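Data block below; observations after.
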Amino acid sequence: MMESVGWIGAIIIGGLAGWLAGKLMDMRFGIFMNIILGIVGSVVAIAVLGTFDVPVKDSRLGYFVTAFLGASLLLFVAKIVRR
C-alpha cells in the first residue's frame with residue numbers, strides 16, 4: 001500500500017488523519033502527538049487489515065480512511081492508558 005501513495009504522501013496523509021481524529025475525538029494530546037499517532041495508526045491499520053485480507057482501496061482516499069480509523073483506535077487506547 002505504501003508504494004501507491006509514497007512515503008512522503010503516507011506521512012502527510014497519516015498526519016492529517018491523526019490531526020482530524022484528535023479534533024473529532026476531542027483529545028488533548030497536542031497536535032504533534034496526534035500527527036505521530038496518525039502516522040503510526042495508519043501503518044498499524046493497514047497491517048491489521050492486510051492480515052485479515054480486507055482490501056484497502058489503492059488510492060489516497062482509501063489510505064486516508066484507513067489512517068483515520070487506525071489513528072482513532074490508537075488515540076482511544078492512548079486515552080485509556082493515560083488515565
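Every chain in the C-alpha cells takes a letter, A first, then B, and so on in the order presented; its residues are numbered from 1, and the ligands are numbered from 1 following the presented order.
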Excluding Phe68 (chain A) and residues on its chain fewer than 4 positions from it, collect all residues at most 12 Å away from it, counting only C-alpha atoms, and give them as a PDB file with all heavy atoms, in the first residue's frame.
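This is the output file selection.pdb:
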ATOM      1  N   ILE A  13      -0.625  12.242   4.672  1.00  0.00           N
ATOM      2  CA  ILE A  13      -1.989  11.742   4.847  1.00  0.00           C
ATOM      3  C   ILE A  13      -2.190  11.190   6.252  1.00  0.00           C
ATOM      4  O   ILE A  13      -3.214  11.451   6.896  1.00  0.00           O
ATOM      5  CB  ILE A  13      -2.319  10.680   3.779  1.00  0.00           C
ATOM      6  CG1 ILE A  13      -2.372  11.339   2.400  1.00  0.00           C
ATOM      7  CG2 ILE A  13      -3.642   9.983   4.083  1.00  0.00           C
ATOM      8  CD1 ILE A  13      -2.461  10.360   1.249  1.00  0.00           C
ATOM      9  N   GLY A  14      -1.220  10.453   6.764  1.00  0.00           N
ATOM     10  CA  GLY A  14      -1.312   9.940   8.131  1.00  0.00           C
ATOM     11  C   GLY A  14      -1.350  11.057   9.153  1.00  0.00           C
ATOM     12  O   GLY A  14      -2.085  10.992  10.143  1.00  0.00           O
ATOM     13  N   GLY A  15      -0.557  12.094   8.921  1.00  0.00           N
ATOM     14  CA  GLY A  15      -0.566  13.239   9.830  1.00  0.00           C
ATOM     15  C   GLY A  15      -1.902  13.964   9.829  1.00  0.00           C
ATOM     16  O   GLY A  15      -2.430  14.323  10.887  1.00  0.00           O
ATOM     17  N   LEU A  16      -2.468  14.166   8.649  1.00  0.00           N
ATOM     18  CA  LEU A  16      -3.783  14.812   8.556  1.00  0.00           C
ATOM     19  C   LEU A  16      -4.868  13.959   9.211  1.00  0.00           C
ATOM     20  O   LEU A  16      -5.752  14.478   9.897  1.00  0.00           O
ATOM     21  CB  LEU A  16      -4.140  15.085   7.097  1.00  0.00           C
ATOM     22  CG  LEU A  16      -3.366  16.208   6.420  1.00  0.00           C
ATOM     23  CD1 LEU A  16      -3.700  16.249   4.934  1.00  0.00           C
ATOM     24  CD2 LEU A  16      -3.670  17.536   7.075  1.00  0.00           C
ATOM     25  N   ALA A  17      -4.785  12.655   9.005  1.00  0.00           N
ATOM     26  CA  ALA A  17      -5.771  11.759   9.611  1.00  0.00           C
ATOM     27  C   ALA A  17      -5.655  11.783  11.132  1.00  0.00           C
ATOM     28  O   ALA A  17      -6.664  11.794  11.842  1.00  0.00           O
ATOM     29  CB  ALA A  17      -5.579  10.338   9.088  1.00  0.00           C
ATOM     30  N   GLY A  18      -4.437  11.805  11.647  1.00  0.00           N
ATOM     31  CA  GLY A  18      -4.235  11.879  13.097  1.00  0.00           C
ATOM     32  C   GLY A  18      -4.733  13.181  13.679  1.00  0.00           C
ATOM     33  O   GLY A  18      -5.357  13.205  14.742  1.00  0.00           O
ATOM     34  N   TRP A  19      -4.465  14.272  12.979  1.00  0.00           N
ATOM     35  CA  TRP A  19      -4.933  15.574  13.446  1.00  0.00           C
ATOM     36  C   TRP A  19      -6.463  15.617  13.462  1.00  0.00           C
ATOM     37  O   TRP A  19      -7.072  16.072  14.438  1.00  0.00           O
ATOM     38  CB  TRP A  19      -4.371  16.667  12.541  1.00  0.00           C
ATOM     39  CG  TRP A  19      -4.914  18.017  12.854  1.00  0.00           C
ATOM     40  CD1 TRP A  19      -4.545  18.831  13.891  1.00  0.00           C
ATOM     41  CD2 TRP A  19      -5.946  18.700  12.141  1.00  0.00           C
ATOM     42  NE1 TRP A  19      -5.282  19.978  13.849  1.00  0.00           N
ATOM     43  CE2 TRP A  19      -6.146  19.937  12.783  1.00  0.00           C
ATOM     44  CE3 TRP A  19      -6.695  18.398  11.016  1.00  0.00           C
ATOM     45  CZ2 TRP A  19      -7.082  20.853  12.344  1.00  0.00           C
ATOM     46  CZ3 TRP A  19      -7.623  19.317  10.579  1.00  0.00           C
ATOM     47  CH2 TRP A  19      -7.807  20.535  11.240  1.00  0.00           C
ATOM     48  N   LEU A  20      -7.083  15.124  12.382  1.00  0.00           N
ATOM     49  CA  LEU A  20      -8.539  15.121  12.298  1.00  0.00           C
ATOM     50  C   LEU A  20      -9.154  14.202  13.357  1.00  0.00           C
ATOM     51  O   LEU A  20     -10.146  14.563  13.996  1.00  0.00           O
ATOM     52  CB  LEU A  20      -8.991  14.696  10.900  1.00  0.00           C
ATOM     53  CG  LEU A  20     -10.491  14.734  10.652  1.00  0.00           C
ATOM     54  CD1 LEU A  20     -11.017  16.161  10.787  1.00  0.00           C
ATOM     55  CD2 LEU A  20     -10.805  14.194   9.277  1.00  0.00           C
ATOM     56  N   ALA A  21      -8.567  13.042  13.558  1.00  0.00           N
ATOM     57  CA  ALA A  21      -9.073  12.120  14.581  1.00  0.00           C
ATOM     58  C   ALA A  21      -8.974  12.755  15.965  1.00  0.00           C
ATOM     59  O   ALA A  21      -9.891  12.624  16.782  1.00  0.00           O
ATOM     60  CB  ALA A  21      -8.293  10.810  14.545  1.00  0.00           C
ATOM     61  N   GLY A  22      -7.882  13.457  16.230  1.00  0.00           N
ATOM     62  CA  GLY A  22      -7.733  14.138  17.517  1.00  0.00           C
ATOM     63  C   GLY A  22      -8.775  15.224  17.706  1.00  0.00           C
ATOM     64  O   GLY A  22      -9.301  15.413  18.807  1.00  0.00           O
ATOM     65  N   LYS A  23      -9.076  15.967  16.642  1.00  0.00           N
ATOM     66  CA  LYS A  23     -10.096  17.020  16.722  1.00  0.00           C
ATOM     67  C   LYS A  23     -11.490  16.422  16.937  1.00  0.00           C
ATOM     68  O   LYS A  23     -12.252  16.901  17.765  1.00  0.00           O
ATOM     69  CB  LYS A  23     -10.108  17.864  15.444  1.00  0.00           C
ATOM     70  CG  LYS A  23      -8.958  18.794  15.320  1.00  0.00           C
ATOM     71  CD  LYS A  23      -9.090  19.880  16.366  1.00  0.00           C
ATOM     72  CE  LYS A  23      -8.044  20.944  16.118  1.00  0.00           C
ATOM     73  NZ  LYS A  23      -8.070  21.957  17.157  1.00  0.00           N
ATOM     74  N   LEU A  24     -11.828  15.392  16.179  1.00  0.00           N
ATOM     75  CA  LEU A  24     -13.163  14.806  16.280  1.00  0.00           C
ATOM     76  C   LEU A  24     -13.378  14.067  17.591  1.00  0.00           C
ATOM     77  O   LEU A  24     -14.489  14.020  18.101  1.00  0.00           O
ATOM     78  CB  LEU A  24     -13.428  13.885  15.090  1.00  0.00           C
ATOM     79  CG  LEU A  24     -13.585  14.593  13.748  1.00  0.00           C
ATOM     80  CD1 LEU A  24     -13.791  13.579  12.637  1.00  0.00           C
ATOM     81  CD2 LEU A  24     -14.751  15.565  13.785  1.00  0.00           C
ATOM     82  N   MET A  25     -12.327  13.488  18.139  1.00  0.00           N
ATOM     83  CA  MET A  25     -12.444  12.760  19.401  1.00  0.00           C
ATOM     84  C   MET A  25     -12.186  13.669  20.597  1.00  0.00           C
ATOM     85  O   MET A  25     -12.250  13.210  21.730  1.00  0.00           O
ATOM     86  CB  MET A  25     -11.486  11.575  19.407  1.00  0.00           C
ATOM     87  CG  MET A  25     -11.833  10.528  18.379  1.00  0.00           C
ATOM     88  SD  MET A  25     -10.724   9.138  18.390  1.00  0.00           S
ATOM     89  CE  MET A  25     -11.164   8.393  19.946  1.00  0.00           C
ATOM     90  N   ASN A  34      -0.829  13.926  18.092  1.00  0.00           N
ATOM     91  CA  ASN A  34      -1.907  13.435  17.241  1.00  0.00           C
ATOM     92  C   ASN A  34      -1.394  13.069  15.850  1.00  0.00           C
ATOM     93  O   ASN A  34      -1.814  12.074  15.265  1.00  0.00           O
ATOM     94  CB  ASN A  34      -3.016  14.471  17.121  1.00  0.00           C
ATOM     95  CG  ASN A  34      -3.853  14.586  18.379  1.00  0.00           C
ATOM     96  OD1 ASN A  34      -3.736  13.775  19.283  1.00  0.00           O
ATOM     97  ND2 ASN A  34      -4.674  15.591  18.433  1.00  0.00           N
ATOM     98  N   ILE A  35      -0.481  13.871  15.310  1.00  0.00           N
ATOM     99  CA  ILE A  35       0.082  13.578  13.994  1.00  0.00           C
ATOM    100  C   ILE A  35       0.905  12.293  14.041  1.00  0.00           C
ATOM    101  O   ILE A  35       0.783  11.435  13.164  1.00  0.00           O
ATOM    102  CB  ILE A  35       0.913  14.767  13.485  1.00  0.00           C
ATOM    103  CG1 ILE A  35      -0.020  15.935  13.137  1.00  0.00           C
ATOM    104  CG2 ILE A  35       1.757  14.375  12.284  1.00  0.00           C
ATOM    105  CD1 ILE A  35       0.692  17.227  12.837  1.00  0.00           C
ATOM    106  N   LEU A  37       0.552   9.808  16.179  1.00  0.00           N
ATOM    107  CA  LEU A  37      -0.391   8.696  16.323  1.00  0.00           C
ATOM    108  C   LEU A  37      -1.131   8.419  15.016  1.00  0.00           C
ATOM    109  O   LEU A  37      -1.473   7.272  14.726  1.00  0.00           O
ATOM    110  CB  LEU A  37      -1.387   8.989  17.442  1.00  0.00           C
ATOM    111  CG  LEU A  37      -0.818   8.893  18.858  1.00  0.00           C
ATOM    112  CD1 LEU A  37      -1.844   9.359  19.876  1.00  0.00           C
ATOM    113  CD2 LEU A  37      -0.368   7.486  19.171  1.00  0.00           C
ATOM    114  N   GLY A  38      -1.357   9.437  14.220  1.00  0.00           N
ATOM    115  CA  GLY A  38      -1.993   9.232  12.916  1.00  0.00           C
ATOM    116  C   GLY A  38      -1.107   8.449  11.970  1.00  0.00           C
ATOM    117  O   GLY A  38      -1.562   7.546  11.271  1.00  0.00           O
ATOM    118  N   ILE A  39       0.172   8.786  11.954  1.00  0.00           N
ATOM    119  CA  ILE A  39       1.109   8.074  11.086  1.00  0.00           C
ATOM    120  C   ILE A  39       1.257   6.626  11.540  1.00  0.00           C
ATOM    121  O   ILE A  39       1.159   5.692  10.735  1.00  0.00           O
ATOM    122  CB  ILE A  39       2.460   8.800  11.055  1.00  0.00           C
ATOM    123  CG1 ILE A  39       2.294  10.173  10.394  1.00  0.00           C
ATOM    124  CG2 ILE A  39       3.503   7.968  10.330  1.00  0.00           C
ATOM    125  CD1 ILE A  39       3.474  11.094  10.575  1.00  0.00           C
ATOM    126  N   VAL A  40       1.456   6.424  12.825  1.00  0.00           N
ATOM    127  CA  VAL A  40       1.595   5.058  13.352  1.00  0.00           C
ATOM    128  C   VAL A  40       0.281   4.296  13.194  1.00  0.00           C
ATOM    129  O   VAL A  40       0.280   3.113  12.829  1.00  0.00           O
ATOM    130  CB  VAL A  40       2.044   5.098  14.827  1.00  0.00           C
ATOM    131  CG1 VAL A  40       2.042   3.718  15.445  1.00  0.00           C
ATOM    132  CG2 VAL A  40       3.432   5.714  14.941  1.00  0.00           C
ATOM    133  N   GLY A  41      -0.831   4.965  13.444  1.00  0.00           N
ATOM    134  CA  GLY A  41      -2.138   4.324  13.306  1.00  0.00           C
ATOM    135  C   GLY A  41      -2.417   3.863  11.891  1.00  0.00           C
ATOM    136  O   GLY A  41      -3.005   2.812  11.673  1.00  0.00           O
ATOM    137  N   SER A  42      -1.975   4.643  10.927  1.00  0.00           N
ATOM    138  CA  SER A  42      -2.195   4.245   9.541  1.00  0.00           C
ATOM    139  C   SER A  42      -1.406   2.993   9.195  1.00  0.00           C
ATOM    140  O   SER A  42      -1.915   2.094   8.535  1.00  0.00           O
ATOM    141  CB  SER A  42      -1.826   5.381   8.598  1.00  0.00           C
ATOM    142  OG  SER A  42      -0.455   5.672   8.667  1.00  0.00           O
ATOM    143  N   VAL A  43      -0.181   2.920   9.668  1.00  0.00           N
ATOM    144  CA  VAL A  43       0.642   1.735   9.411  1.00  0.00           C
ATOM    145  C   VAL A  43       0.034   0.513  10.099  1.00  0.00           C
ATOM    146  O   VAL A  43      -0.068  -0.562   9.502  1.00  0.00           O
ATOM    147  CB  VAL A  43       2.092   1.978   9.876  1.00  0.00           C
ATOM    148  CG1 VAL A  43       2.914   0.712   9.811  1.00  0.00           C
ATOM    149  CG2 VAL A  43       2.734   3.075   9.044  1.00  0.00           C
ATOM    150  N   VAL A  44      -0.397   0.692  11.346  1.00  0.00           N
ATOM    151  CA  VAL A  44      -0.994  -0.421  12.092  1.00  0.00           C
ATOM    152  C   VAL A  44      -2.296  -0.878  11.433  1.00  0.00           C
ATOM    153  O   VAL A  44      -2.525  -2.083  11.263  1.00  0.00           O
ATOM    154  CB  VAL A  44      -1.233  -0.013  13.564  1.00  0.00           C
ATOM    155  CG1 VAL A  44      -2.094  -1.037  14.289  1.00  0.00           C
ATOM    156  CG2 VAL A  44       0.090   0.170  14.281  1.00  0.00           C
ATOM    157  N   ALA A  45      -3.142   0.061  11.050  1.00  0.00           N
ATOM    158  CA  ALA A  45      -4.427  -0.295  10.443  1.00  0.00           C
ATOM    159  C   ALA A  45      -4.241  -1.037   9.128  1.00  0.00           C
ATOM    160  O   ALA A  45      -4.938  -2.017   8.851  1.00  0.00           O
ATOM    161  CB  ALA A  45      -5.277   0.956  10.236  1.00  0.00           C
ATOM    162  N   ILE A  46      -3.305  -0.591   8.309  1.00  0.00           N
ATOM    163  CA  ILE A  46      -3.058  -1.272   7.040  1.00  0.00           C
ATOM    164  C   ILE A  46      -2.512  -2.679   7.279  1.00  0.00           C
ATOM    165  O   ILE A  46      -2.896  -3.628   6.598  1.00  0.00           O
ATOM    166  CB  ILE A  46      -2.121  -0.440   6.157  1.00  0.00           C
ATOM    167  CG1 ILE A  46      -2.893   0.754   5.621  1.00  0.00           C
ATOM    168  CG2 ILE A  46      -1.552  -1.263   5.015  1.00  0.00           C
ATOM    169  CD1 ILE A  46      -2.070   1.734   4.848  1.00  0.00           C
ATOM    170  N   ARG A  60      -5.500   7.584  -2.499  1.00  0.00           N
ATOM    171  CA  ARG A  60      -5.259   8.465  -1.358  1.00  0.00           C
ATOM    172  C   ARG A  60      -6.444   8.471  -0.403  1.00  0.00           C
ATOM    173  O   ARG A  60      -6.268   8.512   0.806  1.00  0.00           O
ATOM    174  CB  ARG A  60      -4.966   9.874  -1.844  1.00  0.00           C
ATOM    175  CG  ARG A  60      -3.630   9.969  -2.524  1.00  0.00           C
ATOM    176  CD  ARG A  60      -3.341  11.398  -2.941  1.00  0.00           C
ATOM    177  NE  ARG A  60      -2.085  11.427  -3.666  1.00  0.00           N
ATOM    178  CZ  ARG A  60      -1.958  11.788  -4.911  1.00  0.00           C
ATOM    179  NH1 ARG A  60      -3.019  12.173  -5.594  1.00  0.00           N
ATOM    180  NH2 ARG A  60      -0.788  11.781  -5.491  1.00  0.00           N
ATOM    181  N   LEU A  61      -7.659   8.438  -0.940  1.00  0.00           N
ATOM    182  CA  LEU A  61      -8.847   8.435  -0.093  1.00  0.00           C
ATOM    183  C   LEU A  61      -8.931   7.152   0.728  1.00  0.00           C
ATOM    184  O   LEU A  61      -9.226   7.189   1.929  1.00  0.00           O
ATOM    185  CB  LEU A  61     -10.114   8.611  -0.925  1.00  0.00           C
ATOM    186  CG  LEU A  61     -11.423   8.615  -0.137  1.00  0.00           C
ATOM    187  CD1 LEU A  61     -11.444   9.781   0.847  1.00  0.00           C
ATOM    188  CD2 LEU A  61     -12.610   8.679  -1.069  1.00  0.00           C
ATOM    189  N   GLY A  62      -8.669   6.015   0.098  1.00  0.00           N
ATOM    190  CA  GLY A  62      -8.671   4.748   0.829  1.00  0.00           C
ATOM    191  C   GLY A  62      -7.624   4.725   1.919  1.00  0.00           C
ATOM    192  O   GLY A  62      -7.872   4.251   3.032  1.00  0.00           O
ATOM    193  N   TYR A  63      -6.451   5.261   1.616  1.00  0.00           N
ATOM    194  CA  TYR A  63      -5.396   5.333   2.611  1.00  0.00           C
ATOM    195  C   TYR A  63      -5.786   6.281   3.742  1.00  0.00           C
ATOM    196  O   TYR A  63      -5.543   6.004   4.909  1.00  0.00           O
ATOM    197  CB  TYR A  63      -4.088   5.794   1.968  1.00  0.00           C
ATOM    198  CG  TYR A  63      -2.909   5.711   2.900  1.00  0.00           C
ATOM    199  CD1 TYR A  63      -2.262   4.508   3.116  1.00  0.00           C
ATOM    200  CD2 TYR A  63      -2.473   6.834   3.579  1.00  0.00           C
ATOM    201  CE1 TYR A  63      -1.198   4.428   3.979  1.00  0.00           C
ATOM    202  CE2 TYR A  63      -1.412   6.767   4.443  1.00  0.00           C
ATOM    203  CZ  TYR A  63      -0.771   5.567   4.644  1.00  0.00           C
ATOM    204  OH  TYR A  63       0.267   5.484   5.513  1.00  0.00           O
ATOM    205  N   PHE A  64      -6.435   7.406   3.408  1.00  0.00           N
ATOM    206  CA  PHE A  64      -6.853   8.369   4.427  1.00  0.00           C
ATOM    207  C   PHE A  64      -7.879   7.756   5.372  1.00  0.00           C
ATOM    208  O   PHE A  64      -7.790   7.920   6.582  1.00  0.00           O
ATOM    209  CB  PHE A  64      -7.423   9.632   3.781  1.00  0.00           C
ATOM    210  CG  PHE A  64      -7.853  10.657   4.785  1.00  0.00           C
ATOM    211  CD1 PHE A  64      -6.914  11.472   5.390  1.00  0.00           C
ATOM    212  CD2 PHE A  64      -9.183  10.788   5.143  1.00  0.00           C
ATOM    213  CE1 PHE A  64      -7.294  12.407   6.332  1.00  0.00           C
ATOM    214  CE2 PHE A  64      -9.572  11.723   6.076  1.00  0.00           C
ATOM    215  CZ  PHE A  64      -8.623  12.537   6.673  1.00  0.00           C
ATOM    216  N   SER A  72      -7.735   6.865  15.120  1.00  0.00           N
ATOM    217  CA  SER A  72      -8.808   6.925  16.117  1.00  0.00           C
ATOM    218  C   SER A  72      -8.655   5.810  17.135  1.00  0.00           C
ATOM    219  O   SER A  72      -8.821   6.030  18.341  1.00  0.00           O
ATOM    220  CB  SER A  72     -10.174   6.822  15.435  1.00  0.00           C
ATOM    221  OG  SER A  72     -10.384   7.903  14.575  1.00  0.00           O
ATOM    222  N   LEU A  73      -8.334   4.623  16.659  1.00  0.00           N
ATOM    223  CA  LEU A  73      -8.132   3.499  17.567  1.00  0.00           C
ATOM    224  C   LEU A  73      -6.955   3.749  18.503  1.00  0.00           C
ATOM    225  O   LEU A  73      -7.058   3.538  19.717  1.00  0.00           O
ATOM    226  CB  LEU A  73      -7.907   2.213  16.768  1.00  0.00           C
ATOM    227  CG  LEU A  73      -7.662   0.954  17.586  1.00  0.00           C
ATOM    228  CD1 LEU A  73      -8.905   0.612  18.395  1.00  0.00           C
ATOM    229  CD2 LEU A  73      -7.275  -0.186  16.688  1.00  0.00           C
ATOM    230  N   LEU A  74      -5.841   4.220  17.965  1.00  0.00           N
ATOM    231  CA  LEU A  74      -4.679   4.493  18.809  1.00  0.00           C
ATOM    232  C   LEU A  74      -4.935   5.635  19.785  1.00  0.00           C
ATOM    233  O   LEU A  74      -4.472   5.591  20.926  1.00  0.00           O
ATOM    234  CB  LEU A  74      -3.456   4.793  17.957  1.00  0.00           C
ATOM    235  CG  LEU A  74      -2.756   3.587  17.358  1.00  0.00           C
ATOM    236  CD1 LEU A  74      -1.544   4.025  16.552  1.00  0.00           C
ATOM    237  CD2 LEU A  74      -2.328   2.608  18.423  1.00  0.00           C
ATOM    238  N   LEU A  75      -5.638   6.671  19.367  1.00  0.00           N
ATOM    239  CA  LEU A  75      -5.978   7.759  20.287  1.00  0.00           C
ATOM    240  C   LEU A  75      -6.886   7.267  21.404  1.00  0.00           C
ATOM    241  O   LEU A  75      -6.731   7.677  22.557  1.00  0.00           O
ATOM    242  CB  LEU A  75      -6.638   8.907  19.529  1.00  0.00           C
ATOM    243  CG  LEU A  75      -5.709   9.770  18.698  1.00  0.00           C
ATOM    244  CD1 LEU A  75      -6.508  10.711  17.810  1.00  0.00           C
ATOM    245  CD2 LEU A  75      -4.756  10.549  19.584  1.00  0.00           C
TER     246      LEU A  75
END
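Closest approach to Phe76 (chain A) among A:Met27, A:Ile36, A:Val48, A:Val56 is made by A:Met27 (distances from only C-alpha atoms).
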Just the number, please: distance in Å from CA of Ala10 (chain A) to CA of Val65 (chain A), one decimal.
12.1 Å
If you run DSSP over the backbone, which residues in chain A end up helix (DSSP H, G or I)? Put them as a PyMOL selection string.
chain A and resi 2-5+7-24+31-51+60-82
Quick one: distance from CA of Ile12 (chain A) to CA of Leu49 (chain A) in Å, one decimal?
20.5 Å
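Taking CA of Ala47 (chain A) and CA of Met33 (chain A) as the two end points, the separation is 21.0 Å.
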